[in-house]
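Shown below: model_6.cif, with mmCIF, N, CA and C atoms.
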```cif
data_structure
#
loop_
_atom_site.label_atom_id
_atom_site.label_comp_id
_atom_site.auth_asym_id
_atom_site.auth_seq_id
_atom_site.Cartn_x
_atom_site.Cartn_y
_atom_site.Cartn_z
N PRO A 1 136.79 116.11 102.60
CA PRO A 1 136.75 115.98 101.14
C PRO A 1 137.25 114.61 100.70
N TRP A 2 136.67 114.11 99.61
CA TRP A 2 137.08 112.83 99.05
C TRP A 2 136.71 112.78 97.58
N THR A 3 137.32 111.88 96.89
CA THR A 3 136.96 111.62 95.50
C THR A 3 137.05 110.11 95.27
N VAL A 4 136.15 109.59 94.43
CA VAL A 4 136.15 108.17 94.11
C VAL A 4 136.00 108.02 92.59
N HIS A 5 136.86 107.23 92.02
CA HIS A 5 136.75 106.87 90.60
C HIS A 5 136.47 105.37 90.58
N TYR A 6 135.40 104.97 89.88
CA TYR A 6 135.07 103.55 89.87
C TYR A 6 134.63 103.09 88.49
N GLN A 7 134.75 101.79 88.28
CA GLN A 7 134.30 101.15 87.05
C GLN A 7 133.57 99.88 87.45
N ILE A 8 132.37 99.69 86.87
CA ILE A 8 131.56 98.51 87.18
C ILE A 8 131.32 97.73 85.89
N THR A 9 131.51 96.43 85.97
CA THR A 9 131.20 95.55 84.85
C THR A 9 129.97 94.74 85.23
N VAL A 10 129.00 94.67 84.31
CA VAL A 10 127.79 93.90 84.54
C VAL A 10 127.61 92.89 83.41
N ASP A 11 126.81 91.85 83.69
CA ASP A 11 126.50 90.88 82.65
C ASP A 11 125.28 91.34 81.85
N ALA A 12 124.78 90.50 80.97
CA ALA A 12 123.65 90.87 80.12
C ALA A 12 122.36 91.12 80.90
N ASP A 13 122.30 90.61 82.14
CA ASP A 13 121.13 90.81 83.00
C ASP A 13 121.32 91.95 84.01
N TRP A 14 122.33 92.79 83.79
CA TRP A 14 122.61 93.95 84.65
C TRP A 14 123.04 93.53 86.06
N ARG A 15 123.65 92.35 86.20
CA ARG A 15 124.16 91.91 87.49
C ARG A 15 125.66 92.21 87.54
N THR A 16 126.10 92.74 88.67
CA THR A 16 127.51 93.08 88.85
C THR A 16 128.38 91.84 88.76
N THR A 17 129.45 91.92 87.96
CA THR A 17 130.42 90.83 87.89
C THR A 17 131.80 91.28 88.37
N ARG A 18 132.06 92.58 88.29
CA ARG A 18 133.37 93.10 88.71
C ARG A 18 133.26 94.61 88.94
N ALA A 19 134.03 95.09 89.88
CA ALA A 19 134.13 96.53 90.10
C ALA A 19 135.51 96.86 90.62
N THR A 20 136.01 98.00 90.18
CA THR A 20 137.27 98.50 90.70
C THR A 20 137.05 99.96 91.10
N ALA A 21 137.80 100.40 92.09
CA ALA A 21 137.67 101.78 92.54
C ALA A 21 138.99 102.26 93.13
N VAL A 22 139.18 103.57 93.02
CA VAL A 22 140.29 104.25 93.66
C VAL A 22 139.69 105.46 94.35
N ALA A 23 140.02 105.64 95.63
CA ALA A 23 139.51 106.77 96.40
C ALA A 23 140.68 107.53 97.00
N ALA A 24 140.49 108.83 97.11
CA ALA A 24 141.46 109.68 97.81
C ALA A 24 140.69 110.53 98.80
N SER A 25 141.18 110.56 100.03
CA SER A 25 140.54 111.35 101.08
C SER A 25 141.62 111.80 102.05
N LEU A 26 141.21 112.47 103.10
CA LEU A 26 142.18 112.90 104.11
C LEU A 26 142.89 111.72 104.76
N SER A 27 142.23 110.54 104.74
CA SER A 27 142.85 109.35 105.33
C SER A 27 143.82 108.66 104.38
N GLY A 28 143.95 109.16 103.15
CA GLY A 28 144.90 108.59 102.20
C GLY A 28 144.25 108.07 100.94
N ARG A 29 145.01 107.26 100.22
CA ARG A 29 144.56 106.67 98.96
C ARG A 29 144.16 105.23 99.23
N HIS A 30 143.01 104.83 98.66
CA HIS A 30 142.51 103.47 98.85
C HIS A 30 142.15 102.89 97.48
N GLU A 31 142.37 101.59 97.33
CA GLU A 31 142.00 100.89 96.11
C GLU A 31 141.12 99.70 96.46
N LEU A 32 140.25 99.33 95.53
CA LEU A 32 139.30 98.24 95.76
C LEU A 32 139.10 97.46 94.48
N THR A 33 139.06 96.14 94.63
CA THR A 33 138.69 95.26 93.53
C THR A 33 137.64 94.29 94.05
N VAL A 34 136.53 94.21 93.35
CA VAL A 34 135.44 93.31 93.72
C VAL A 34 135.17 92.39 92.53
N ASP A 35 135.08 91.10 92.81
CA ASP A 35 134.74 90.12 91.79
C ASP A 35 133.54 89.31 92.27
N VAL A 36 132.62 89.02 91.36
CA VAL A 36 131.42 88.26 91.68
C VAL A 36 131.29 87.12 90.67
N SER A 37 131.07 85.91 91.19
CA SER A 37 130.89 84.75 90.34
C SER A 37 129.85 83.84 90.97
N ASP A 38 128.79 83.53 90.23
CA ASP A 38 127.72 82.66 90.72
C ASP A 38 127.18 83.12 92.07
N GLY A 39 127.04 84.44 92.25
CA GLY A 39 126.48 84.97 93.48
C GLY A 39 127.44 85.03 94.65
N ARG A 40 128.69 84.64 94.42
CA ARG A 40 129.71 84.69 95.48
C ARG A 40 130.60 85.91 95.25
N TRP A 41 130.91 86.60 96.34
CA TRP A 41 131.63 87.87 96.27
C TRP A 41 133.04 87.74 96.86
N TRP A 42 134.00 88.37 96.20
CA TRP A 42 135.37 88.51 96.68
C TRP A 42 135.71 89.99 96.70
N VAL A 43 136.21 90.46 97.81
CA VAL A 43 136.64 91.85 97.95
C VAL A 43 138.14 91.85 98.19
N ASP A 44 138.86 92.43 97.26
CA ASP A 44 140.33 92.43 97.32
C ASP A 44 140.88 91.03 97.54
N GLY A 45 140.28 90.06 96.85
CA GLY A 45 140.75 88.68 96.89
C GLY A 45 140.24 87.86 98.05
N THR A 46 139.52 88.47 98.99
CA THR A 46 139.00 87.76 100.15
C THR A 46 137.53 87.43 99.94
N ARG A 47 137.20 86.16 100.10
CA ARG A 47 135.80 85.71 99.97
C ARG A 47 134.95 86.38 101.05
N ARG A 48 133.81 86.98 100.65
CA ARG A 48 132.93 87.68 101.58
C ARG A 48 131.55 87.00 101.59
N ARG A 49 131.38 86.00 102.43
CA ARG A 49 130.12 85.26 102.52
C ARG A 49 128.97 86.15 102.98
N ASP A 50 129.26 87.22 103.72
CA ASP A 50 128.20 88.13 104.16
C ASP A 50 127.54 88.87 103.00
N LEU A 51 128.18 88.87 101.83
CA LEU A 51 127.62 89.53 100.66
C LEU A 51 126.87 88.57 99.74
N ASP A 52 126.89 87.27 100.06
CA ASP A 52 126.14 86.31 99.24
C ASP A 52 124.69 86.74 99.14
N GLY A 53 124.13 86.63 97.95
CA GLY A 53 122.76 87.06 97.72
C GLY A 53 122.66 88.47 97.20
N CYS A 54 123.72 89.25 97.32
CA CYS A 54 123.73 90.59 96.74
C CYS A 54 123.85 90.47 95.23
N VAL A 55 123.21 91.37 94.54
CA VAL A 55 123.24 91.35 93.08
C VAL A 55 124.02 92.54 92.55
N ASP A 56 123.90 93.67 93.25
CA ASP A 56 124.49 94.92 92.78
C ASP A 56 125.61 95.38 93.69
N ILE A 57 126.41 96.28 93.13
CA ILE A 57 127.32 97.06 93.95
C ILE A 57 126.76 98.48 93.95
N ASP A 58 126.87 99.14 95.08
CA ASP A 58 126.31 100.48 95.24
C ASP A 58 127.37 101.37 95.88
N PHE A 59 127.77 102.41 95.18
CA PHE A 59 128.77 103.33 95.70
C PHE A 59 128.09 104.49 96.42
N GLU A 60 128.53 104.74 97.64
CA GLU A 60 127.99 105.84 98.44
C GLU A 60 128.07 107.15 97.65
N ALA A 61 127.01 107.93 97.75
CA ALA A 61 126.93 109.25 97.13
C ALA A 61 126.90 109.19 95.60
N SER A 62 126.54 108.06 95.04
CA SER A 62 126.41 107.94 93.59
C SER A 62 124.97 107.58 93.24
N VAL A 63 124.37 108.34 92.35
CA VAL A 63 123.02 108.00 91.89
C VAL A 63 123.07 107.04 90.70
N VAL A 64 124.23 106.85 90.13
CA VAL A 64 124.36 106.01 88.93
C VAL A 64 124.11 104.53 89.24
N THR A 65 124.53 104.06 90.41
CA THR A 65 124.42 102.63 90.69
C THR A 65 122.98 102.17 90.90
N ASN A 66 122.04 103.07 91.14
CA ASN A 66 120.63 102.68 91.21
C ASN A 66 120.13 102.16 89.86
N THR A 67 120.76 102.59 88.80
CA THR A 67 120.36 102.17 87.45
C THR A 67 120.44 100.65 87.28
N LEU A 68 121.40 100.01 87.95
CA LEU A 68 121.56 98.56 87.81
C LEU A 68 120.27 97.84 88.21
N ALA A 69 119.74 98.16 89.38
CA ALA A 69 118.51 97.51 89.87
C ALA A 69 117.31 97.87 89.00
N VAL A 70 117.22 99.11 88.58
CA VAL A 70 116.07 99.56 87.79
C VAL A 70 115.96 98.75 86.50
N HIS A 71 117.08 98.34 85.94
CA HIS A 71 117.05 97.56 84.70
C HIS A 71 116.61 96.11 84.91
N ARG A 72 116.59 95.64 86.15
CA ARG A 72 116.24 94.25 86.43
C ARG A 72 114.87 94.05 87.04
N ILE A 73 114.42 94.99 87.85
CA ILE A 73 113.19 94.75 88.61
C ILE A 73 111.96 94.85 87.71
N ASP A 74 110.89 94.18 88.12
CA ASP A 74 109.62 94.22 87.40
C ASP A 74 108.91 95.51 87.77
N LEU A 75 108.91 96.46 86.86
CA LEU A 75 108.31 97.77 87.12
C LEU A 75 106.79 97.73 87.09
N THR A 76 106.21 96.63 86.63
CA THR A 76 104.75 96.53 86.58
C THR A 76 104.17 95.97 87.88
N SER A 77 105.04 95.48 88.76
CA SER A 77 104.58 94.92 90.03
C SER A 77 104.37 96.03 91.05
N ASP A 78 103.36 95.86 91.89
CA ASP A 78 103.10 96.84 92.95
C ASP A 78 103.79 96.47 94.25
N ALA A 79 104.44 95.32 94.29
CA ALA A 79 105.09 94.84 95.52
C ALA A 79 106.53 95.35 95.60
N PRO A 80 107.01 95.62 96.82
CA PRO A 80 108.42 95.99 96.99
C PRO A 80 109.32 94.83 96.56
N VAL A 81 110.40 95.15 95.87
CA VAL A 81 111.33 94.15 95.39
C VAL A 81 112.64 94.28 96.17
N PRO A 82 113.02 93.23 96.93
CA PRO A 82 114.29 93.30 97.65
C PRO A 82 115.46 93.22 96.68
N VAL A 83 116.42 94.11 96.86
CA VAL A 83 117.60 94.15 96.01
C VAL A 83 118.83 94.39 96.91
N PRO A 84 119.27 93.35 97.63
CA PRO A 84 120.45 93.55 98.48
C PRO A 84 121.67 93.90 97.63
N ALA A 85 122.54 94.73 98.18
CA ALA A 85 123.70 95.18 97.43
C ALA A 85 124.93 95.24 98.33
N ALA A 86 126.09 95.18 97.67
CA ALA A 86 127.36 95.43 98.35
C ALA A 86 127.58 96.94 98.29
N PHE A 87 127.54 97.58 99.45
CA PHE A 87 127.62 99.04 99.54
C PHE A 87 129.05 99.45 99.84
N VAL A 88 129.59 100.35 99.02
CA VAL A 88 130.97 100.79 99.17
C VAL A 88 130.98 102.21 99.72
N ARG A 89 131.58 102.37 100.89
CA ARG A 89 131.68 103.69 101.52
C ARG A 89 132.72 104.53 100.77
N ALA A 90 132.42 105.81 100.60
CA ALA A 90 133.23 106.68 99.76
C ALA A 90 134.64 106.94 100.30
N GLY A 91 134.77 107.27 101.54
CA GLY A 91 136.07 107.70 102.06
C GLY A 91 137.15 106.64 102.07
N ASP A 92 136.81 105.43 102.54
CA ASP A 92 137.83 104.38 102.71
C ASP A 92 137.56 103.12 101.88
N LEU A 93 136.48 103.11 101.11
CA LEU A 93 136.08 101.98 100.25
C LEU A 93 135.75 100.72 101.05
N GLU A 94 135.33 100.88 102.30
CA GLU A 94 134.85 99.74 103.09
C GLU A 94 133.57 99.21 102.43
N VAL A 95 133.42 97.89 102.38
CA VAL A 95 132.25 97.27 101.76
C VAL A 95 131.39 96.61 102.83
N VAL A 96 130.11 96.98 102.86
CA VAL A 96 129.15 96.41 103.80
C VAL A 96 127.91 95.97 103.03
N ARG A 97 127.14 95.09 103.63
CA ARG A 97 125.90 94.62 103.01
C ARG A 97 124.81 95.68 103.19
N LEU A 98 124.10 95.97 102.13
CA LEU A 98 123.01 96.95 102.12
C LEU A 98 121.71 96.24 101.80
N GLU A 99 120.76 96.29 102.75
CA GLU A 99 119.42 95.75 102.51
C GLU A 99 118.55 96.90 102.00
N GLN A 100 117.95 96.70 100.84
CA GLN A 100 117.15 97.76 100.24
C GLN A 100 116.04 97.17 99.39
N THR A 101 114.99 97.96 99.19
CA THR A 101 113.89 97.55 98.31
C THR A 101 113.52 98.71 97.39
N TYR A 102 112.98 98.34 96.24
CA TYR A 102 112.42 99.29 95.29
C TYR A 102 110.97 98.87 95.02
N ARG A 103 110.08 99.86 94.90
CA ARG A 103 108.71 99.59 94.50
C ARG A 103 108.29 100.67 93.52
N CYS A 104 107.81 100.26 92.36
CA CYS A 104 107.38 101.22 91.35
C CYS A 104 106.00 101.74 91.74
N SER A 105 105.91 103.07 91.94
CA SER A 105 104.62 103.67 92.28
C SER A 105 104.00 104.42 91.11
N ASP A 106 104.78 104.68 90.07
CA ASP A 106 104.25 105.36 88.88
C ASP A 106 105.13 105.01 87.70
N LEU A 107 104.54 104.33 86.72
CA LEU A 107 105.26 103.94 85.51
C LEU A 107 104.74 104.77 84.36
N GLY A 108 105.32 105.95 84.20
CA GLY A 108 104.89 106.85 83.14
C GLY A 108 105.72 106.66 81.88
N THR A 109 105.35 107.34 80.84
CA THR A 109 106.10 107.24 79.58
C THR A 109 107.36 108.09 79.60
N ASP A 110 107.36 109.17 80.40
CA ASP A 110 108.53 110.03 80.45
C ASP A 110 109.29 109.96 81.77
N ARG A 111 108.72 109.26 82.76
CA ARG A 111 109.42 109.11 84.04
C ARG A 111 108.85 107.91 84.79
N ILE A 112 109.68 107.38 85.68
CA ILE A 112 109.30 106.27 86.54
C ILE A 112 109.56 106.73 87.98
N VAL A 113 108.57 106.53 88.84
CA VAL A 113 108.71 106.91 90.24
C VAL A 113 108.85 105.63 91.06
N LEU A 114 109.90 105.58 91.87
CA LEU A 114 110.19 104.41 92.69
C LEU A 114 110.21 104.79 94.16
N ASP A 115 109.55 103.98 94.98
CA ASP A 115 109.67 104.13 96.43
C ASP A 115 110.87 103.29 96.83
N TYR A 116 111.87 103.96 97.37
CA TYR A 116 113.12 103.30 97.75
C TYR A 116 113.21 103.26 99.27
N THR A 117 113.61 102.10 99.80
CA THR A 117 113.79 101.94 101.25
C THR A 117 115.06 101.15 101.52
N SER A 118 115.84 101.62 102.50
CA SER A 118 117.00 100.88 102.99
C SER A 118 116.83 100.68 104.48
N THR A 119 116.66 99.43 104.90
CA THR A 119 116.57 99.15 106.34
C THR A 119 117.95 99.24 106.98
N THR A 120 119.00 99.06 106.21
CA THR A 120 120.36 99.17 106.74
C THR A 120 120.63 100.56 107.29
N PHE A 121 120.15 101.57 106.57
CA PHE A 121 120.41 102.95 106.96
C PHE A 121 119.15 103.66 107.46
N ASP A 122 118.05 102.90 107.66
CA ASP A 122 116.80 103.49 108.11
C ASP A 122 116.45 104.71 107.27
N PHE A 123 116.39 104.50 105.95
CA PHE A 123 116.21 105.60 105.00
C PHE A 123 115.17 105.21 103.96
N SER A 124 114.35 106.16 103.57
CA SER A 124 113.44 105.94 102.45
C SER A 124 113.24 107.25 101.72
N CYS A 125 112.95 107.15 100.44
CA CYS A 125 112.71 108.33 99.62
C CYS A 125 112.00 107.93 98.34
N GLU A 126 111.65 108.91 97.57
CA GLU A 126 111.05 108.70 96.26
C GLU A 126 112.10 109.03 95.21
N LEU A 127 112.45 108.03 94.41
CA LEU A 127 113.40 108.22 93.32
C LEU A 127 112.64 108.43 92.02
N ILE A 128 113.10 109.34 91.22
CA ILE A 128 112.53 109.53 89.89
C ILE A 128 113.62 109.20 88.88
N VAL A 129 113.29 108.29 87.96
CA VAL A 129 114.24 107.91 86.92
C VAL A 129 113.60 108.13 85.56
N ASP A 130 114.45 108.28 84.54
CA ASP A 130 113.93 108.45 83.19
C ASP A 130 113.68 107.08 82.57
N PRO A 131 113.10 107.02 81.36
CA PRO A 131 112.81 105.72 80.73
C PRO A 131 114.05 104.85 80.49
N SER A 132 115.25 105.45 80.52
CA SER A 132 116.49 104.68 80.36
C SER A 132 116.97 104.11 81.69
N GLY A 133 116.29 104.45 82.79
CA GLY A 133 116.68 103.95 84.10
C GLY A 133 117.69 104.82 84.81
N LEU A 134 117.98 106.00 84.27
CA LEU A 134 118.94 106.90 84.91
C LEU A 134 118.21 107.83 85.87
N VAL A 135 118.80 108.04 87.04
CA VAL A 135 118.17 108.86 88.07
C VAL A 135 118.07 110.31 87.63
N VAL A 136 116.86 110.85 87.79
CA VAL A 136 116.60 112.27 87.55
C VAL A 136 116.59 113.01 88.89
N SER A 137 116.04 112.37 89.92
CA SER A 137 115.96 113.00 91.24
C SER A 137 116.13 111.95 92.33
N TYR A 138 117.10 112.23 93.21
CA TYR A 138 117.35 111.41 94.39
C TYR A 138 117.48 112.40 95.54
N PRO A 139 116.40 112.59 96.33
CA PRO A 139 116.40 113.62 97.37
C PRO A 139 117.61 113.53 98.30
N GLY A 140 118.25 114.67 98.48
CA GLY A 140 119.40 114.76 99.36
C GLY A 140 120.70 114.30 98.75
N LEU A 141 120.65 113.73 97.54
CA LEU A 141 121.87 113.22 96.94
C LEU A 141 122.16 113.83 95.57
N GLY A 142 121.15 113.90 94.72
CA GLY A 142 121.41 114.46 93.40
C GLY A 142 120.15 114.71 92.60
N ARG A 143 120.26 115.65 91.67
CA ARG A 143 119.17 115.97 90.77
C ARG A 143 119.78 116.32 89.41
N ARG A 144 119.21 115.78 88.36
CA ARG A 144 119.69 116.08 87.02
C ARG A 144 118.86 117.22 86.46
N ASP A 145 119.52 118.24 86.00
CA ASP A 145 118.83 119.36 85.38
C ASP A 145 118.76 119.14 83.88
N ALA A 146 117.70 119.64 83.29
CA ALA A 146 117.53 119.50 81.82
C ALA A 146 118.53 120.36 81.09
#
```
Encoding of this model in structure tokens:
Amino acid sequence: PWTVHYQITVDADWRTTRATAVAASLSGRHELTVDVSDGRWWVDGTRRRDLDGCVDIDFEASVVTNTLAVHRIDLTSDAPVPVPAAFVRAGDLEVVRLEQTYRCSDLGTDRIVLDYTSTTFDFSCELIVDPSGLVVSYPGLGRRDA
């Protein structure tokens, strides 16, 4: 069992500028502070060059953080859009680089269907989001009921 409380700050273009988190698990209590400036990432005050080029922060087991990318990518394009992210593991708040892409396969008026792929975790699925960019269905992770 674990719990994570987090807060993400984004700029006007939906790019992560700061995130804080507190997690509690069987391994104890963990805290995290992430700062981003001009594409450079600091995790708990330590410069993380391996995260350069990441735009988003993505918290494990959260469907909310997908909204950040959805607000930025060109939904009218048929090509996969790379959106590397700083991925935060739930139990201990370890941060690793996540390579992922989104491709819009259906741009409807009441829903948007995205083909999501992560080469980091060898995972792909179909995400369904509403017109506000909030996830309605993320197979294996979450589903919003009406």
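When all atoms listed in the file are used to measure the gap to Pro84 (chain A), the shortest distance among A:Val113, A:Leu32, A:Leu51, A:Ala21 belongs to A:Leu51.
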Can you list, as a short mmCIF file (atom, residue, chain, number, x, y, z; two decimals) with N, CA and C atoms, in the coordinates of the input, every protein, DNA or RNA residue that comes within 8 Å of Ser25 (chain A) when you count all atoms listed in the file, leaving out same-chain residues fewer than 4 positions away?
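Writing done, so here's selection_5.cif:
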```cif
data_model
loop_
_atom_site.label_atom_id
_atom_site.label_comp_id
_atom_site.auth_asym_id
_atom_site.auth_seq_id
_atom_site.Cartn_x
_atom_site.Cartn_y
_atom_site.Cartn_z
N PRO A 1 136.79 116.11 102.60
CA PRO A 1 136.75 115.98 101.14
C PRO A 1 137.25 114.61 100.70
N TRP A 2 136.67 114.11 99.61
CA TRP A 2 137.08 112.83 99.05
C TRP A 2 136.71 112.78 97.58
N THR A 3 137.32 111.88 96.89
CA THR A 3 136.96 111.62 95.50
C THR A 3 137.05 110.11 95.27
N VAL A 4 136.15 109.59 94.43
CA VAL A 4 136.15 108.17 94.11
C VAL A 4 136.00 108.02 92.59
N ARG A 29 145.01 107.26 100.22
CA ARG A 29 144.56 106.67 98.96
C ARG A 29 144.16 105.23 99.23
N HIS A 30 143.01 104.83 98.66
CA HIS A 30 142.51 103.47 98.85
C HIS A 30 142.15 102.89 97.48
N ALA A 90 132.42 105.81 100.60
CA ALA A 90 133.23 106.68 99.76
C ALA A 90 134.64 106.94 100.30
N GLY A 91 134.77 107.27 101.54
CA GLY A 91 136.07 107.70 102.06
C GLY A 91 137.15 106.64 102.07
N ASP A 92 136.81 105.43 102.54
CA ASP A 92 137.83 104.38 102.71
C ASP A 92 137.56 103.12 101.88
#
```
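Here CA of Asp35 (chain A) stands at a distance of 19.5 Å from CA of Glu99 (chain A).
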Could you list, as an mmCIF file with N, CA and C atoms, in the frame of the given file, every residue matched by the PyMOL selection byres ((chain A and resi 88) around 6.5) in this structure?
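Dumped to out.cif:
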```cif
data_model
loop_
_atom_site.group_PDB
_atom_site.id
_atom_site.type_symbol
_atom_site.label_atom_id
_atom_site.label_comp_id
_atom_site.auth_asym_id
_atom_site.auth_seq_id
_atom_site.Cartn_x
_atom_site.Cartn_y
_atom_site.Cartn_z
ATOM 1 N N ILE A 57 126.410 96.280 93.130
ATOM 2 C CA ILE A 57 127.320 97.060 93.950
ATOM 3 C C ILE A 57 126.760 98.480 93.950
ATOM 4 N N ASP A 58 126.870 99.140 95.080
ATOM 5 C CA ASP A 58 126.310 100.480 95.240
ATOM 6 C C ASP A 58 127.370 101.370 95.880
ATOM 7 N N PHE A 59 127.770 102.410 95.180
ATOM 8 C CA PHE A 59 128.770 103.330 95.700
ATOM 9 C C PHE A 59 128.090 104.490 96.420
ATOM 10 N N GLU A 60 128.530 104.740 97.640
ATOM 11 C CA GLU A 60 127.990 105.840 98.440
ATOM 12 C C GLU A 60 128.070 107.150 97.650
ATOM 13 N N ALA A 86 126.090 95.180 97.670
ATOM 14 C CA ALA A 86 127.360 95.430 98.350
ATOM 15 C C ALA A 86 127.580 96.940 98.290
ATOM 16 N N PHE A 87 127.540 97.580 99.450
ATOM 17 C CA PHE A 87 127.620 99.040 99.540
ATOM 18 C C PHE A 87 129.050 99.450 99.840
ATOM 19 N N ARG A 89 131.580 102.370 100.890
ATOM 20 C CA ARG A 89 131.680 103.690 101.520
ATOM 21 C C ARG A 89 132.720 104.530 100.770
ATOM 22 N N ALA A 90 132.420 105.810 100.600
ATOM 23 C CA ALA A 90 133.230 106.680 99.760
ATOM 24 C C ALA A 90 134.640 106.940 100.300
ATOM 25 N N LEU A 93 136.480 103.110 101.110
ATOM 26 C CA LEU A 93 136.080 101.980 100.250
ATOM 27 C C LEU A 93 135.750 100.720 101.050
ATOM 28 N N GLU A 94 135.330 100.880 102.300
ATOM 29 C CA GLU A 94 134.850 99.740 103.090
ATOM 30 C C GLU A 94 133.570 99.210 102.430
ATOM 31 N N VAL A 95 133.420 97.890 102.380
ATOM 32 C CA VAL A 95 132.250 97.270 101.760
ATOM 33 C C VAL A 95 131.390 96.610 102.830
ATOM 34 N N VAL A 96 130.110 96.980 102.860
ATOM 35 C CA VAL A 96 129.150 96.410 103.800
ATOM 36 C C VAL A 96 127.910 95.970 103.030
#
```
_Quick check, in Å to one decimal: how far apart do CA of Asp78 (chain A) and CA of Leu127 (chain A) lie?_
15.4 Å
*asked:* With DSSP run on the backbone, what are the alpha helix (DSSP H) residues within chain A? I'd like them as a ChimeraX atom specification.
replied: /A:66-70
Could those residues be written to a file, using N, CA and C atoms, as a PDB file, keeping the file's coordinate frame?
```
ATOM      1  N   ASN A  66     122.040 103.070  91.140  1.00  0.00           N
ATOM      2  CA  ASN A  66     120.630 102.680  91.210  1.00  0.00           C
ATOM      3  C   ASN A  66     120.130 102.160  89.860  1.00  0.00           C
ATOM      4  N   THR A  67     120.760 102.590  88.800  1.00  0.00           N
ATOM      5  CA  THR A  67     120.360 102.170  87.450  1.00  0.00           C
ATOM      6  C   THR A  67     120.440 100.650  87.280  1.00  0.00           C
ATOM      7  N   LEU A  68     121.400 100.010  87.950  1.00  0.00           N
ATOM      8  CA  LEU A  68     121.560  98.560  87.810  1.00  0.00           C
ATOM      9  C   LEU A  68     120.270  97.840  88.210  1.00  0.00           C
ATOM     10  N   ALA A  69     119.740  98.160  89.380  1.00  0.00           N
ATOM     11  CA  ALA A  69     118.510  97.510  89.870  1.00  0.00           C
ATOM     12  C   ALA A  69     117.310  97.870  89.000  1.00  0.00           C
ATOM     13  N   VAL A  70     117.220  99.110  88.580  1.00  0.00           N
ATOM     14  CA  VAL A  70     116.070  99.560  87.790  1.00  0.00           C
ATOM     15  C   VAL A  70     115.960  98.750  86.500  1.00  0.00           C
TER      16      VAL A  70
END
```
Expand the PyMOL selection byres ((chain A and resi 141) around 8) into the explicit residue set it covers here, and present it as a PDB file with N, CA and C atoms, in the frame of the given file.
```pdb
ATOM      1  N   ALA A  61     127.010 107.930  97.750  1.00  0.00           N
ATOM      2  CA  ALA A  61     126.930 109.250  97.130  1.00  0.00           C
ATOM      3  C   ALA A  61     126.900 109.190  95.600  1.00  0.00           C
ATOM      4  N   SER A  62     126.540 108.060  95.040  1.00  0.00           N
ATOM      5  CA  SER A  62     126.410 107.940  93.590  1.00  0.00           C
ATOM      6  C   SER A  62     124.970 107.580  93.240  1.00  0.00           C
ATOM      7  N   VAL A  63     124.370 108.340  92.350  1.00  0.00           N
ATOM      8  CA  VAL A  63     123.020 108.000  91.890  1.00  0.00           C
ATOM      9  C   VAL A  63     123.070 107.040  90.700  1.00  0.00           C
ATOM     10  N   SER A 137     116.040 112.370  89.920  1.00  0.00           N
ATOM     11  CA  SER A 137     115.960 113.000  91.240  1.00  0.00           C
ATOM     12  C   SER A 137     116.130 111.950  92.330  1.00  0.00           C
ATOM     13  N   TYR A 138     117.100 112.230  93.210  1.00  0.00           N
ATOM     14  CA  TYR A 138     117.350 111.410  94.390  1.00  0.00           C
ATOM     15  C   TYR A 138     117.480 112.400  95.540  1.00  0.00           C
ATOM     16  N   PRO A 139     116.400 112.590  96.330  1.00  0.00           N
ATOM     17  CA  PRO A 139     116.400 113.620  97.370  1.00  0.00           C
ATOM     18  C   PRO A 139     117.610 113.530  98.300  1.00  0.00           C
ATOM     19  N   GLY A 140     118.250 114.670  98.480  1.00  0.00           N
ATOM     20  CA  GLY A 140     119.400 114.760  99.360  1.00  0.00           C
ATOM     21  C   GLY A 140     120.700 114.300  98.750  1.00  0.00           C
ATOM     22  N   GLY A 142     121.150 113.900  94.720  1.00  0.00           N
ATOM     23  CA  GLY A 142     121.410 114.460  93.400  1.00  0.00           C
ATOM     24  C   GLY A 142     120.150 114.710  92.600  1.00  0.00           C
ATOM     25  N   ARG A 143     120.260 115.650  91.670  1.00  0.00           N
ATOM     26  CA  ARG A 143     119.170 115.970  90.770  1.00  0.00           C
ATOM     27  C   ARG A 143     119.780 116.320  89.410  1.00  0.00           C
TER      28      ARG A 143
END
```
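Using all atoms listed in the file for every distance, the candidate list A:Val64, A:Ala19, A:Asp130, A:Gly39 yields A:Gly39 as the residue closest to Asp52 (chain A).
For the atom pair formed by CA of Thr65 (chain A) and CA of Asp38 (chain A), the distance is 20.2 Å, given to one decimal.
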*Taking the file above as input, evaluate the PyMOL selection byres ((chain A and resi 101) around 8) and report the hits as JSON, numbers by chain.*
{"A": [79, 80, 81, 82, 83, 84, 98, 99, 100, 102, 103, 104, 114, 115, 116, 117, 118, 119]}
Add whatever atoms are absent from region 51-55 of chain A to reach N, CA, C and O atoms, and provide the output as a short mmCIF file (atom, residue, chain, number, x, y, z; two decimals), in the coordinates of the input.
```cif
data_model
loop_
_atom_site.label_atom_id
_atom_site.label_comp_id
_atom_site.auth_asym_id
_atom_site.auth_seq_id
_atom_site.Cartn_x
_atom_site.Cartn_y
_atom_site.Cartn_z
N LEU A 51 128.18 88.87 101.83
CA LEU A 51 127.62 89.53 100.66
C LEU A 51 126.87 88.57 99.74
O LEU A 51 126.28 89.00 98.74
N ASP A 52 126.89 87.27 100.06
CA ASP A 52 126.14 86.31 99.24
C ASP A 52 124.69 86.74 99.14
O ASP A 52 124.09 87.18 100.12
N GLY A 53 124.13 86.63 97.95
CA GLY A 53 122.76 87.06 97.72
C GLY A 53 122.66 88.47 97.20
O GLY A 53 121.62 88.88 96.68
N CYS A 54 123.72 89.25 97.32
CA CYS A 54 123.73 90.59 96.74
C CYS A 54 123.85 90.47 95.23
O CYS A 54 124.50 89.57 94.72
N VAL A 55 123.21 91.37 94.54
CA VAL A 55 123.24 91.35 93.08
C VAL A 55 124.02 92.54 92.55
O VAL A 55 124.72 92.45 91.55
#
```
